[in-house]
Structures are given as structure tokens and as C-alpha cells.
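Down below is the structure, laid out as C-alpha cells.
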Amino acid sequence: MFPDIRIYSQIQRRKSQIANHLFTGKFSGDVAWNLGSLALLGASGVLINTIIARHQSPTSLGVFNQAFAFYIVLSQLAVGGMHFSIVKYLSHTDDRDLMAIVISSALAAITVAAVVVAIGAFLLAPYIGILFESQDVALGIQFICPALVLFSVNKGFMMVLNGTRRMRAYAIFQGLRYLLIILGVIGLILGGFAGPYLAWCFLVSELLLAFAIIGYVHTSVVGLSLRRVARTWIFRHLSFGIRGFFGGMLSDLNTRMDIILLGYFVSDASVGIYSFAAVCAEGFGQISYVVKQNLDPIIGRLTAAMNIEQLRSLMRRVALVFVPSILALSLVSVLLFPLIVRLFTDDRFLESWPIFTILLAGIVINAGFRPFQGVFLLTGRPGLHSLFFLTVVLSNAILNVLFIQRLGTMGAAVATSLAYVIESLLILYGIRKILVVKEVSAR
């Protein structure tokens, strides 16, 4: 009903709009809003870990973070890569009827896939508990399963905001998610719950977020209904998702590889010590992700319009402005880390200081490259996107297994930082290859 020509015919019209879009204040404003959301993310991660560390044991913190690691990885499997498809097609059209069909079809497919994954994860959780020698980890995985469905649907809605360049709304809803998680953890701790039972905070937060974001998209973006669901678009989303979801799942698996493998090799308490530092460091890594989220629609339009020079200019600006900022923030944070630990937790968590320092070193090196991580998908290479992440994850896993067995939690930090370096080199190599191909095609 809506052939591809309706999407791609608009690309030429957008060529004249791209330069004006890039050099107005909108991009900077969007980044500022998302950095505000990121600040809340970093604060929420640190705050949640600090609250658990202060009021409960390292074991309880370790179990919670292992359950959260599985939650993040399984959510990628549940959404099936179809959220990437939403961004791709919405960034190429302003046709509201087509947008409604694209969004409705994707969300219907995501919901079915998420339910299947949630049921499978619930049934497999006891066996994971046996493998990790932790019944609490098994319970934590089972408790996250209901939230998986809502998280996946909400992720689809978030990508609607991303694909339609409503980045301020995106930032607000992201911030709301983190705030609700914080309140959920506090409420559960006050209620006397610990360890795996803290995972119920995800269900509470996603349920409340769903009401808010569904209402916003339906009223402010485009009206949605089951009548808008089209079989052809479901298959199109599934096709794109199958080719691209592997990369998305591997991306999140890569960020949790250290905690998952530590859970297998060391005690839940040791995982708790390590995860305290890892969560603090993760906030800095998320800064690069926020910039990536804002760059993705722009990169998609620049590459579609064969505007290679502006893409190169964009890369230079990121390297000159963003990387020095991350380096300065990291140095200050490393110096203040022991003070923060003593002030808000206890001396047991001082063991995480060198871990935090090592992890930040890898994140700083990676900062100039991660914002362009989406270039593989945005240039229509989902298979290459998956291959890229497969290489990074395998490297990360192998390094973690080797180093953890020798150095324990310190080994996990060294291995993870080395994986950041490998990822940076692969992104640089991929971008150079793609730019050469695009430049030749443009001629």
C-alpha cells in the first residue's frame, strides 16, 4: 500500500534542509536535554547502588546487579531489533499515515516477541541459578520477567520519539524511568525487601512509564490503533530486526559481560563490590550513548543524501569538543571517588576505587568513536552491525574469562577496558570503509 518510493522520494527534498538543521541550535538543545536525562541516569545508578550498599550487604547489591544485567540483555532479545527499524523508517518520512502504520505494526510485533521471551526466561531461570550457584540470582531473573514485556514496548515508543526528533520528550521520559526506579527501590527497601526482591522496581517503573509515554505518542505524534497494523510492515520490521537485533543484543551484552561472568566465577559479594564501581563508570559511558542517540537521525539523513563532507565535519566536531570534556570529567571523578565512598557507604567499597579508575580509562579512549557506532545500521548494513558487535563481545568475553581467573574483579576491569579499545578501532575502520564507498557512489 505504501511502497518504498514514498519514503525515499523525500530524501532528495531533505538535502537542502540538512545543513540548516545541523548548524541551528536544535541539535545542541536536544543534546542538552538528553545530558540532563543522563545526569539523572548517572545519579540514579549511583544512588540506587549507594542506597543498597548503605542499608544492605554487598551480596544483596551483587544479586540485584546480576538480575539487572540479565534484564538489560533479555530486553534486547525481547524487542528483537525492531526498535532500530522504527528509527530507520521514521527518520525518512513525514507522512503521518505512513508513520501510524510503521509504528503500530512495529509495536504489535514487539509485544508478541516480548511475551515469548519473558515466558522462556522465567522457565530457564532455575537452571541459570544452578549454573551460578545462586538461588537468589534465579529468583531475580524470574522477578524481572513481567517487566520485560513492558520495557520492550516502552523501548519501541522511545524510538518513535528518537526517530521523529522529539529528543526533549525522549529525555523527559528517560528521566521519568530512572526516577521511578529509584522510588521503587526505596519503597522496597523500606518494606523490608532485599536482594532479588528489589528487582520488582522495574515492573513498577515500566508500568507507570507505559501510561505516560503511550498517551503522549498517541496525542502528540500520531494516532495509533490495531487497525493501523499492516502485515507487510510487520514482516518488514521482523526482517530488519532479525538482521539487526543480534547487534543490539550483543551491544547490551557487551556492557554487562563483566558482571555476568563475574557472577559465574566469584561470589555475589565480590560482584557487589565490582558492580558499585562499574555502575559509577557506566554513567560516563552513557554520555557517549546520548550523543549517539542525537546523531543517529542526522547521520541517517546525511548518508542517504550522500553528503559525505558534512558527515566528516560532524565527526571532527565531536572529536574536538566531546572527548576533552569526558577526559576532564573523568579525572575529577577519579580524585573524588574515595571521598564519595567514605561519605555515603563504608570502607568495604573502597576496593572498587582502582576498578573505577581502570574502567574510566577505557571509556575515555572510546568516547570519540562510540557516538558513531550506529553508522552500520543507518547506512543499511545490519549484517555488518551484527558482525561488529559479535567481534567486540567475543573479544570482551575471552578477555574477561582469561583475566578474571587470574586477577578476579581487577581482571574484569582490565579486560573490559581493553574491549573498549578494540571497539574503538573497529568503529574507526568501519567508518573509513563506509565513507570511501559512499564517496565513490556519490560520484
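Letters for chains follow the order of the C-alpha cells (A, B, ...), residue numbers begin at 1 for each chain, and ligand numbers begin at 1 in the order shown.
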
With 7 Å as the cut-off and only C-alpha atoms counted, what is the closest atom pair between each nearby residue of range 193-283 of chain A and range 356-369 of chain A? Distances in Å to one decimal, ordered by chain and number, as JSON lines.
{"residue": "A:Ala277", "atom": "CA", "partner": "A:Phe356", "partner_atom": "CA", "distance": 4.9}
{"residue": "A:Ala278", "atom": "CA", "partner": "A:Phe356", "partner_atom": "CA", "distance": 6.5}
{"residue": "A:Ala281", "atom": "CA", "partner": "A:Leu360", "partner_atom": "CA", "distance": 6.0}

Take the residues from that selection and write them out as an mmCIF file, in the first residue's frame, keeping N, CA and C atoms.
data_model
loop_
_atom_site.group_PDB
_atom_site.id
_atom_site.type_symbol
_atom_site.label_atom_id
_atom_site.label_comp_id
_atom_site.auth_asym_id
_atom_site.auth_seq_id
_atom_site.Cartn_x
_atom_site.Cartn_y
_atom_site.Cartn_z
ATOM 1 N N ALA A 277 31.510 0.062 41.399
ATOM 2 C CA ALA A 277 32.395 0.865 40.549
ATOM 3 C C ALA A 277 31.903 0.881 39.105
ATOM 4 N N ALA A 278 31.434 -0.269 38.615
ATOM 5 C CA ALA A 278 31.007 -0.377 37.220
ATOM 6 C C ALA A 278 29.813 0.530 36.932
ATOM 7 N N ALA A 281 31.003 4.116 36.737
ATOM 8 C CA ALA A 281 31.704 4.363 35.475
ATOM 9 C C ALA A 281 30.743 4.364 34.295
#

Straight-line distance linking CA of Ser313 in chain A with CA of Leu377 in chain A, stated in Å to one decimal: 20.2 Å

Counting only C-alpha atoms, the residue of A:Ala199, A:Ile298, A:Ile398, A:Val46 that sits nearest Val279 in chain A: A:Val46

Point-to-point distance in Å for CA of Ser251 in chain A and CA of Phe389 in chain A: 6.1 Å

Contact residues around range 105-109 of chain A with only C-alpha atoms at 12 Å, ignoring same-chain residues under 4 positions, as a PyMOL selection string: chain A and resi 78-90+98-101+113-116+149-160+214+224-241

Selection: 12 Å around range 401-413 of chain A, only C-alpha atoms, excl. self and same-chain fewer than 4 positions, as a PyMOL selection string: chain A and resi 255-278+281+351-363+394-397+417-420

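Atom to atom, CA of Thr59 in chain A and CA of Gly195 in chain A stand 7.5 Å apart.
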
Wanna dump the range 86-129 of chain A-range 140-143 of chain A contacts at 8 Å for me, each residue with its shortest atom pair and the distance in Å to one decimal, counting only C-alpha atoms, ordered by chain and number, as JSON lines?
{"residue": "A:Ala121", "atom": "CA", "partner": "A:Gln142", "partner_atom": "CA", "distance": 7.2}
{"residue": "A:Phe122", "atom": "CA", "partner": "A:Gln142", "partner_atom": "CA", "distance": 4.9}
{"residue": "A:Ala125", "atom": "CA", "partner": "A:Ile141", "partner_atom": "CA", "distance": 6.0}

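Minimum distance to Arg312 in chain A across A:Asp347, A:Ala69, A:Leu188, A:Arg432 (counting only C-alpha atoms) occurs at A:Arg432.
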
Excluding Asp136 in chain A and any residue of its chain fewer than 6 positions from it, enumerate the residues within 8 Å of it, using only C-alpha atoms, and give them as a PDB file with C-alpha atoms, in the first residue's frame.
ATOM      1  CA  VAL A  63      22.364 -10.132  43.278  1.00  0.00           C
ATOM      2  CA  GLY A 129      20.636 -20.228  39.281  1.00  0.00           C
ATOM      3  CA  GLY A 195      18.399  -8.968  47.076  1.00  0.00           C
ATOM      4  CA  PRO A 196      16.284 -10.481  44.282  1.00  0.00           C
TER       5      PRO A 196
END

Given only C-alpha atoms as the counted atoms, nearest of A:Val291, A:Gln373, A:Leu311, A:Val421 to Met167 in chain A: A:Val291

Counting only C-alpha atoms, the residue of A:Glu206, A:Gln293, A:Ala67, A:Leu74 that sits nearest Arg168 in chain A: A:Gln293

For Leu47 in chain A: contacts at 12 Å, only C-alpha atoms, fewer than 6 positions along chain excluded, given as a PyMOL selection string: chain A and resi 39-41+53-55+178-179+181-183+185-186+276+279-280+283+340-341+344-345

For C-alpha atoms, I'd like the residues from the last selection saved as a short mmCIF file (atom, residue, chain, number, x, y, z; two decimals), in the first residue's frame.
data_model
loop_
_atom_site.label_atom_id
_atom_site.label_comp_id
_atom_site.auth_asym_id
_atom_site.auth_seq_id
_atom_site.Cartn_x
_atom_site.Cartn_y
_atom_site.Cartn_z
CA ALA A 39 22.69 13.21 34.66
CA LEU A 40 19.61 11.69 36.26
CA LEU A 41 20.62 8.27 34.90
CA ALA A 53 25.25 -0.61 49.75
CA ARG A 54 24.45 1.57 52.75
CA HIS A 55 21.39 -0.29 54.00
CA TYR A 178 15.09 6.43 36.30
CA LEU A 179 13.16 8.42 38.88
CA ILE A 181 13.20 3.02 39.55
CA ILE A 182 14.76 5.00 42.40
CA LEU A 183 11.41 5.38 44.14
CA VAL A 185 13.98 0.62 45.20
CA ILE A 186 13.48 2.95 48.15
CA PHE A 276 29.41 -0.45 42.53
CA VAL A 279 27.70 1.45 37.66
CA CYS A 280 29.50 4.68 38.57
CA GLY A 283 27.35 6.97 33.67
CA ILE A 340 32.22 9.77 47.97
CA VAL A 341 32.57 6.14 49.04
CA PHE A 344 27.89 7.51 51.61
CA THR A 345 28.80 3.84 52.13
#

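Take the candidates A:Ser424, A:Thr164, A:Gln66, A:Asn49 and check each one against Thr93 in chain A using only C-alpha atoms; the shortest distance goes to A:Thr164.
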